[in-house]
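**Student:** Input upload_2.txt, format and content: compact mmCIF, C-alpha atoms and all ligand atoms.
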# COMPACT_ATOMS: atom_id res chain seq x y z
CA MET K 198 103.39 43.88 201.87
CA ALA K 199 103.84 45.49 198.46
CA PHE K 200 103.64 43.01 195.64
CA THR K 201 104.16 44.26 192.11
CA SER K 202 102.34 41.72 190.05
CA CYS K 203 102.64 41.63 186.31
CA ALA K 204 99.73 39.32 185.72
CA GLN K 205 96.55 40.68 187.26
CA SER K 206 93.05 39.34 186.97
CA PRO K 207 90.32 41.59 188.43
CA GLY K 208 89.32 38.95 190.98
CA GLY K 209 92.92 38.03 191.75
CA GLU K 210 93.49 40.87 194.20
CA THR K 211 90.36 39.88 196.11
CA VAL K 212 91.61 36.31 196.45
CA LEU K 213 95.06 37.49 197.59
CA ARG K 214 93.51 39.98 200.05
CA HIS K 215 91.76 37.06 201.80
CA ALA K 216 94.82 34.81 201.41
CA PHE K 217 97.18 37.40 202.97
CA THR K 218 95.09 37.53 206.16
CA PHE K 219 96.34 33.98 206.91
CA ILE K 220 100.07 34.82 206.57
CA GLY K 221 101.98 33.60 209.62
CA ARG K 222 99.24 31.21 210.78
CA PRO K 223 100.61 27.81 211.84
CA TYR K 224 100.71 24.76 209.60
CA VAL K 225 98.82 21.98 211.40
CA ALA K 226 98.06 18.68 209.66
CA HIS K 227 95.00 16.46 210.24
CA THR K 228 92.72 19.19 211.63
CA LEU K 229 89.78 17.53 209.83
CA GLU K 230 90.38 14.14 211.47
CA ALA K 231 89.09 15.15 214.94
CA GLY K 232 86.54 12.72 216.41
CA ASN K 233 84.79 9.80 214.75
CA GLU K 234 81.77 11.54 213.29
CA GLU K 235 82.46 13.49 210.07
CA LYS K 236 81.36 17.10 210.53
CA LEU K 237 82.21 20.51 209.08
CA VAL K 238 85.43 21.73 210.69
CA THR K 239 86.15 25.45 210.32
CA ASN K 240 89.52 26.10 211.89
CA PHE K 241 91.01 29.22 210.32
CA ASN K 242 93.82 29.26 212.92
CA GLU K 243 95.51 25.95 212.06
CA VAL K 244 95.77 25.07 208.38
CA ASP K 245 97.39 22.61 206.01
CA CYS K 246 97.84 23.27 202.29
CA THR K 247 94.34 22.04 201.44
CA THR K 248 92.32 23.58 204.26
CA TYR K 249 94.15 26.89 203.66
CA VAL K 250 93.04 26.98 200.01
CA GLU K 251 89.52 25.87 201.01
CA TYR K 252 89.12 28.61 203.65
CA VAL K 253 90.39 31.35 201.31
CA LEU K 254 88.16 30.07 198.47
CA ALA K 255 85.10 30.01 200.78
CA LEU K 256 85.80 33.54 202.08
CA THR K 257 86.32 34.85 198.53
CA LEU K 258 83.07 33.32 197.24
CA ALA K 259 81.22 34.58 200.34
CA GLU K 260 82.74 38.04 199.86
CA GLY K 261 84.09 37.97 203.40
CA ASP K 262 80.80 36.95 205.07
CA THR K 263 81.96 34.21 207.47
CA LEU K 264 78.45 32.79 207.87
CA ARG K 265 77.97 32.33 204.10
CA ALA K 266 81.56 31.08 203.96
CA GLN K 267 80.53 28.08 206.11
CA ASP K 268 77.96 27.04 203.51
CA TYR K 269 80.47 27.46 200.67
CA LEU K 270 83.03 25.46 202.68
CA LYS K 271 80.64 22.51 202.96
CA ARG K 272 80.06 22.60 199.18
CA ILE K 273 83.82 22.92 198.52
CA ARG K 274 84.92 20.08 200.80
CA TYR K 275 82.10 17.48 200.36
CA ARG K 276 80.76 15.73 197.28
CA GLY K 277 77.67 17.64 196.19
CA GLY K 278 77.86 19.57 199.47
CA VAL K 279 76.51 16.59 201.44
CA ILE K 280 78.33 15.47 204.61
CA ASP K 281 77.77 11.70 204.86
CA GLY K 282 80.70 10.14 206.67
CA TYR K 283 84.45 10.16 206.06
CA THR K 284 84.33 9.13 202.40
CA SER K 285 81.92 11.93 201.44
CA ARG K 286 84.87 14.29 201.90
CA LEU K 287 86.69 15.03 198.62
CA HIS K 288 90.03 13.46 199.56
CA TYR K 289 91.62 13.51 196.10
CA VAL K 290 92.23 16.88 194.45
CA THR K 291 91.16 15.43 191.08
CA GLU K 292 87.62 15.01 192.43
CA TRP K 293 87.83 18.24 194.46
CA ILE K 294 88.52 20.09 191.16
CA ALA K 295 85.67 18.34 189.29
CA ASN K 296 83.23 19.09 192.14
CA GLY K 297 84.26 22.76 192.46
CA THR K 298 84.03 23.18 188.68
CA ARG K 299 80.50 21.68 188.66
CA GLU K 300 79.53 24.03 191.51
CA GLY K 301 80.87 27.00 189.52
CA PHE K 302 83.48 27.95 192.16
CA PHE K 303 86.36 27.99 189.68
CA LYS K 304 87.39 26.80 186.24
CA ASP K 305 90.39 24.72 185.27
CA ILE K 306 92.19 26.98 182.75
CA THR K 307 95.13 24.61 182.17
CA ALA K 308 93.80 22.91 179.03
CA ARG K 309 93.52 26.29 177.25
CA HIS K 310 97.27 26.85 177.58
CA SER K 311 98.91 23.42 177.71
CA ARG K 312 98.62 20.43 175.44
CA ASP K 313 100.29 18.12 177.96
CA SER K 314 98.01 15.64 179.69
CA LEU K 315 98.33 12.84 182.20
CA LYS K 316 96.24 9.81 183.11
CA VAL K 317 94.95 9.82 186.69
CA GLU K 318 95.86 6.63 188.60
CA LEU K 319 94.69 6.76 192.24
CA SER K 320 95.52 4.18 194.92
CA PHE K 321 97.58 6.07 197.52
CA MET K 322 95.03 6.13 200.36
CA SER K 323 93.87 2.51 200.01
CA SER K 324 97.48 1.34 199.77
CA HIS K 325 98.65 3.42 202.77
CA PRO K 326 95.74 3.03 205.24
CA GLU K 327 98.15 3.27 208.16
CA ALA K 328 98.75 6.94 207.26
CA TYR K 329 95.08 7.84 207.71
CA GLN K 330 93.36 7.92 211.10
CA HIS K 331 90.00 6.91 209.61
CA LEU K 332 91.41 4.18 207.38
CA LYS K 333 93.91 2.36 209.60
CA ASP K 334 91.20 0.67 211.72
CA SER K 335 88.35 0.62 209.18
CA PRO K 336 88.38 -1.96 206.37
CA THR K 337 84.94 -0.59 205.38
CA HIS K 338 86.34 2.90 204.79
CA VAL K 339 89.30 1.41 202.88
CA ARG K 340 86.88 -0.51 200.61
CA GLN K 341 84.82 2.67 200.03
CA ILE K 342 87.95 4.72 199.24
CA LYS K 343 89.14 1.97 196.88
CA THR K 344 85.84 2.18 194.95
CA ILE K 345 86.23 5.96 194.68
CA GLU K 346 89.84 5.56 193.49
CA GLN K 347 88.76 3.07 190.80
CA LYS K 348 85.98 5.40 189.64
CA LEU K 349 88.33 8.38 189.38
CA SER K 350 91.25 6.49 187.80
CA GLY K 351 91.75 6.41 184.06
CA GLN K 352 90.57 9.95 183.32
CA ILE K 353 92.88 12.22 181.33
CA VAL K 354 93.57 15.70 182.72
CA PHE K 355 95.70 18.55 181.36
CA TYR K 356 98.67 19.94 183.29
CA LEU K 357 101.65 22.20 182.68
CA PRO K 358 104.91 20.24 183.05
CA LYS K 359 107.47 21.88 185.36
CA GLU K 360 109.94 22.44 182.50
CA TYR K 361 107.50 24.99 181.01
CA ILE K 362 107.22 27.10 184.20
CA PRO K 363 109.66 30.06 183.96
CA ARG K 364 110.80 31.99 187.08
CA GLU K 365 108.87 35.06 185.88
CA GLY K 366 105.67 32.97 185.56
CA LEU K 367 103.37 33.13 182.53
CA PRO K 368 100.89 35.77 181.30
CA TRP K 369 97.98 33.35 181.74
CA ILE K 370 98.82 32.44 185.34
CA LYS K 371 97.44 35.31 187.41
CA ASP K 372 97.65 36.48 191.02
CA GLY K 373 95.20 34.46 193.15
CA ASP K 374 94.98 31.46 190.83
CA ILE K 375 94.92 28.12 192.68
CA LEU K 376 98.03 26.07 191.82
CA CYS K 377 97.55 22.29 192.18
CA ILE K 378 100.98 20.66 192.06
CA THR K 379 100.97 17.31 190.27
CA THR K 380 103.23 14.45 191.30
CA ASP K 381 104.71 11.15 190.14
CA ILE K 382 104.23 9.59 193.59
CA GLU K 383 102.63 6.17 192.90
CA GLY K 384 98.81 6.34 193.13
CA LEU K 385 98.63 10.06 193.90
CA ASP K 386 97.42 12.92 191.67
CA VAL K 387 98.36 16.15 193.50
CA VAL K 388 100.86 16.58 196.32
CA HIS K 389 100.47 20.23 197.31
CA LEU K 390 98.19 23.29 196.82
CA GLY K 391 98.69 27.04 197.01
CA PHE K 392 98.02 30.41 195.35
CA ALA K 393 99.89 32.17 192.55
CA CYS K 394 101.51 35.35 193.90
CA TYR K 395 103.80 37.57 191.80
CA LYS K 396 106.60 39.34 193.66
CA GLU K 397 109.17 41.60 191.97
CA GLY K 398 108.27 40.15 188.59
CA LYS K 399 108.65 36.50 189.65
CA LEU K 400 105.89 33.92 190.28
CA HIS K 401 105.88 32.67 193.91
CA LEU K 402 103.69 30.25 195.83
CA LEU K 403 101.53 31.59 198.67
CA HIS K 404 100.86 28.44 200.70
CA ALA K 405 100.68 26.66 204.02
CA SER K 406 104.23 25.30 204.11
CA SER K 407 104.80 21.99 205.94
CA SER K 408 108.55 22.67 206.02
CA HIS K 409 108.30 26.23 207.40
CA LYS K 410 105.29 25.20 209.54
CA LYS K 411 103.29 28.31 208.61
CA VAL K 412 101.50 30.20 205.83
CA LEU K 413 103.94 32.29 203.79
CA VAL K 414 104.93 33.50 200.35
CA SER K 415 107.68 31.15 199.18
CA GLU K 416 111.21 32.55 199.38
CA ASP K 417 112.09 30.77 196.13
CA SER K 418 110.23 31.37 192.89
CA PHE K 419 107.59 28.74 192.10
CA ALA K 420 109.82 27.43 189.28
CA ASP K 421 112.81 27.05 191.64
CA MET K 422 110.70 25.12 194.15
CA PHE K 423 110.50 22.27 191.63
CA SER K 424 114.25 21.67 191.84
CA ARG K 425 113.93 21.10 195.60
CA ASN K 426 110.89 18.80 195.27
CA LYS K 427 111.84 15.98 192.91
CA MET K 428 108.36 14.37 193.10
CA TRP K 429 106.67 17.52 191.76
CA THR K 430 105.96 17.11 188.03
CA GLY K 431 103.92 20.20 187.10
CA VAL K 432 100.79 22.18 187.85
CA ARG K 433 97.04 22.42 187.19
CA VAL K 434 95.80 26.03 187.33
CA LEU K 435 92.31 27.02 188.57
CA ARG K 436 90.76 30.50 188.16
CA ILE K 437 88.30 31.37 190.96
CA ASN K 438 84.92 32.71 189.78
CA SER K 439 84.78 35.48 192.38
CA SER K 440 82.16 38.16 191.63
CA SER K 441 84.70 40.37 189.86
CA ASN K 442 86.04 37.37 187.91
CA ARG K 443 82.65 36.35 186.52
C1 LIG K 501 94.53 15.83 201.78
O1 LIG K 501 95.93 15.66 201.48
C2 LIG K 501 93.98 14.47 202.14
C3 LIG K 501 92.54 14.57 202.63
O2 LIG K 501 92.16 13.32 203.18
C4 LIG K 501 92.39 15.66 203.71
O3 LIG K 501 95.98 12.65 201.41
C5 LIG K 501 95.03 12.80 200.66
C6 LIG K 501 94.97 12.05 199.34
N1 LIG K 501 93.99 13.63 200.92
O4 LIG K 501 91.01 15.89 203.94
C7 LIG K 501 93.05 16.98 203.26
C8 LIG K 501 93.02 18.05 204.34
O5 LIG K 501 93.81 17.66 205.43
O6 LIG K 501 94.44 16.74 202.91
C9 LIG K 501 96.51 16.82 200.92
C10 LIG K 501 98.00 16.62 201.12
O7 LIG K 501 98.67 17.87 201.19
C11 LIG K 501 99.04 18.22 202.55
C12 LIG K 501 97.79 18.54 203.35
C13 LIG K 501 99.96 19.41 202.47
O8 LIG K 501 100.81 19.41 201.53
O9 LIG K 501 99.87 20.31 203.33
C14 LIG K 501 96.07 16.90 199.44
O10 LIG K 501 96.55 15.70 198.83
C15 LIG K 501 96.82 18.00 198.69
O11 LIG K 501 98.02 17.34 198.24
C16 LIG K 501 97.95 15.95 198.65
C17 LIG K 501 98.64 15.78 200.02
N2 LIG K 501 98.52 14.39 200.40
C18 LIG K 501 99.60 13.58 200.29
O12 LIG K 501 100.68 14.01 199.87
C19 LIG K 501 99.40 12.13 200.70
Could you show the structure in this file as structure tokens?

**Tutor:**
Amino acid sequence: MAFTSCAQSPGGETVLRHAFTFIGRPYVAHTLEAGNEEKLVTNFNEVDCTTYVEYVLALTLAEGDTLRAQDYLKRIRYRGGVIDGYTSRLHYVTEWIANGTREGFFKDITARHSRDSLKVELSFMSSHPEAYQHLKDSPTHVRQIKTIEQKLSGQIVFYLPKEYIPREGLPWIKDGDILCITTDIEGLDVVHLGFACYKEGKLHLLHASSSHKKVLVSEDSFADMFSRNKMWTGVRVLRINSSSNR
């Protein structure tokens, strides 16, 4: 698949090379909810938007070594890399970003290019327990998630509002960057994740699509996707620290 990209970062091609290997794989939600005991699930064959980004990030950091990728995956998905029950998983992207930044996996480059900020207010999981297999029958888990939500709420983060995202993308958003789509859904921070992928001079989203039920490069430009998703408000952009990006 030939992609002419006008905004290259040295590590960006490496990220996209790993990301492209997943194209066509089925979108399957809740693959991490199997069983009652929280353990590391590595299912490269059935992905949702988050597990797709996590698997590609782990493979990129491990330079394709699937054994090392398992260790990176644990550090990407769990607070401090420690698996200790359901709530040790980084459920909210706000905390997933802070953890991955601390671990040196990527850096949030949004603040360098956008002066727009938003205040994080998290309550979605504790106020919709019925939507989560490990919350609907566990008041203890709900209480733990509520404490995490309260701890994370109130912080100010930078984002790029959708009105500033042109169809041709921006010079500072490069191939392979992780795009975290912010939302105005009550109590939620991010509603979807994917990779920046330039195609014929336009910025597209390479993602696990719940509507197309598979991993693909979006037909529409990233900017045009916002007109079809009214609850999308903008984007936080992460640059992966792959060896050639360091
Ligand atoms: C996350 O949802 C879940 C994690 O519990 C789960 O729902 C929340 C707050 N967190 O471990 C993880 C992996 O399954 O998914 C994601 C979800 O996006 C879905 C998967 C998608 O678009 O494919 C992350 O939070 C990324 O954006 C949001 C979105 N959740 C909701 O819209 C409720």

**Student:** Quick one: residues within 12 Å of (106.4, 36.2, 196.6) (file frame), counting only C-alpha atoms, please, as JSON, numbers by chain.

**Tutor:** {"K": [198, 199, 200, 201, 202, 213, 217, 220, 364, 365, 366, 372, 373, 391, 392, 393, 394, 395, 396, 397, 398, 399, 400, 401, 402, 403, 404, 413, 414, 415, 416, 417, 418, 419, 420]}

**Student:** Point out the residue among K:Phe321, K:Phe219, K:Phe303, K:Tyr252 with the least atom-to-atom distance to ligand LIG 501 (chain K), counting all atoms listed in the file.

**Tutor:**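 Under the stated criterion, the closest residue is K:Phe321.
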
**Student:** Would you list the contacts of Val434 (chain K) as a PyMOL selection string, taking every protein, DNA or RNA residue within 8 Å and counting all atoms listed in the file, but skipping same-chain residues closer than 6 positions in sequence?

**Tutor:** chain K and resi 305-307+356+370+374-377

**Student:** Counting all atoms listed in the file, which of K:Tyr361, K:Trp369, K:Tyr224, K:Tyr269 gets nearest to ligand LIG 501 (chain K)?

**Tutor:**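 Comparing K:Tyr361, K:Trp369, K:Tyr224, K:Tyr269 against ligand LIG 501 (chain K), the winner is K:Tyr224.
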
**Student:** Please identify the residues whose atoms come within 10 Å of ligand LIG 501 (chain K), using all atoms listed in the file, and report them as a ChimeraX atom specification.

**Tutor:** /K:224-230,244-251,274-275,283-284,286-291,293,319-323,325,328-331,377-380,382,384-391,404-408,410

**Student:** Between K:Gln267, K:Gln347, K:Ser335, K:Asn233, which is the closest to Leu254 (chain K) once you count all atoms listed in the file?

**Tutor:**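 Nearest to Leu254 (chain K): K:Gln267.
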
**Student:** Go through K:Thr257, K:Thr239, K:Asn296, K:Thr430 one by one, measure the shortest atom-to-atom distance of each to Val212 (chain K) using only C-alpha atoms, and give the residue with the smallest value.

**Tutor:**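 Checking each of K:Thr257, K:Thr239, K:Asn296, K:Thr430 against Val212 (chain K), counting only C-alpha atoms, the winner is K:Thr257.
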
**Student:** Using all atoms listed in the file, pick whichever of K:Leu256, K:Ile280, K:Leu315, K:Ile437 has the shortest atom-to-atom distance to Arg214 (chain K).

**Tutor:**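 Distance minimum relative to Arg214 (chain K) lands on K:Leu256.
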
**Student:** Report the distance between CA of Asp334 (chain K) and CA of Lys236 (chain K) in Å, rounded to one decimal place.

**Tutor:**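 Interatomic distance here is 19.2 Å.
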
**Student:** With distances taken over only C-alpha atoms, which of K:His215, K:His409, K:Lys316, K:Lys271 is nearest to Ile353 (chain K)?

**Tutor:** K:Lys316

**Student:** List as a count of residues only the protein and nucleic acid residues near Leu349 (chain K), meaning an atom at most 9 Å away when all atoms listed in the file are counted, but skip any in the same chain fewer than 3 places from it.

**Tutor:** 9

**Student:** Which distance in Å separates CA of Leu237 (chain K) and CA of Ala266 (chain K), to one decimal?

**Tutor:** 11.8 Å

**Student:** Which residues are near Glu300 (chain K)? Cut-off 9 Å, all atoms listed in the file, ignore same chain within fewer than 4 positions. Put them as a VMD selection string.

**Tutor:** chain K and resid 272 to 273 277 295 to 296

**Student:** Tell me which protein, DNA and RNA residues are within 10 Å of Arg312 (chain K), counting only C-alpha atoms, leaving out same-chain ones fewer than 3 positions away, and put them as a PDB file with C-alpha atoms, in the coordinates of the input.

**Tutor:**
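Dumped everything to result.pdb:
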ATOM      1  CA  THR K 307      95.130  24.610 182.170  1.00  0.00           C
ATOM      2  CA  ALA K 308      93.800  22.910 179.030  1.00  0.00           C
ATOM      3  CA  ARG K 309      93.520  26.290 177.250  1.00  0.00           C
ATOM      4  CA  PHE K 355      95.700  18.550 181.360  1.00  0.00           C
ATOM      5  CA  TYR K 356      98.670  19.940 183.290  1.00  0.00           C
ATOM      6  CA  LEU K 357     101.650  22.200 182.680  1.00  0.00           C
ATOM      7  CA  PRO K 358     104.910  20.240 183.050  1.00  0.00           C
TER       8      PRO K 358
END
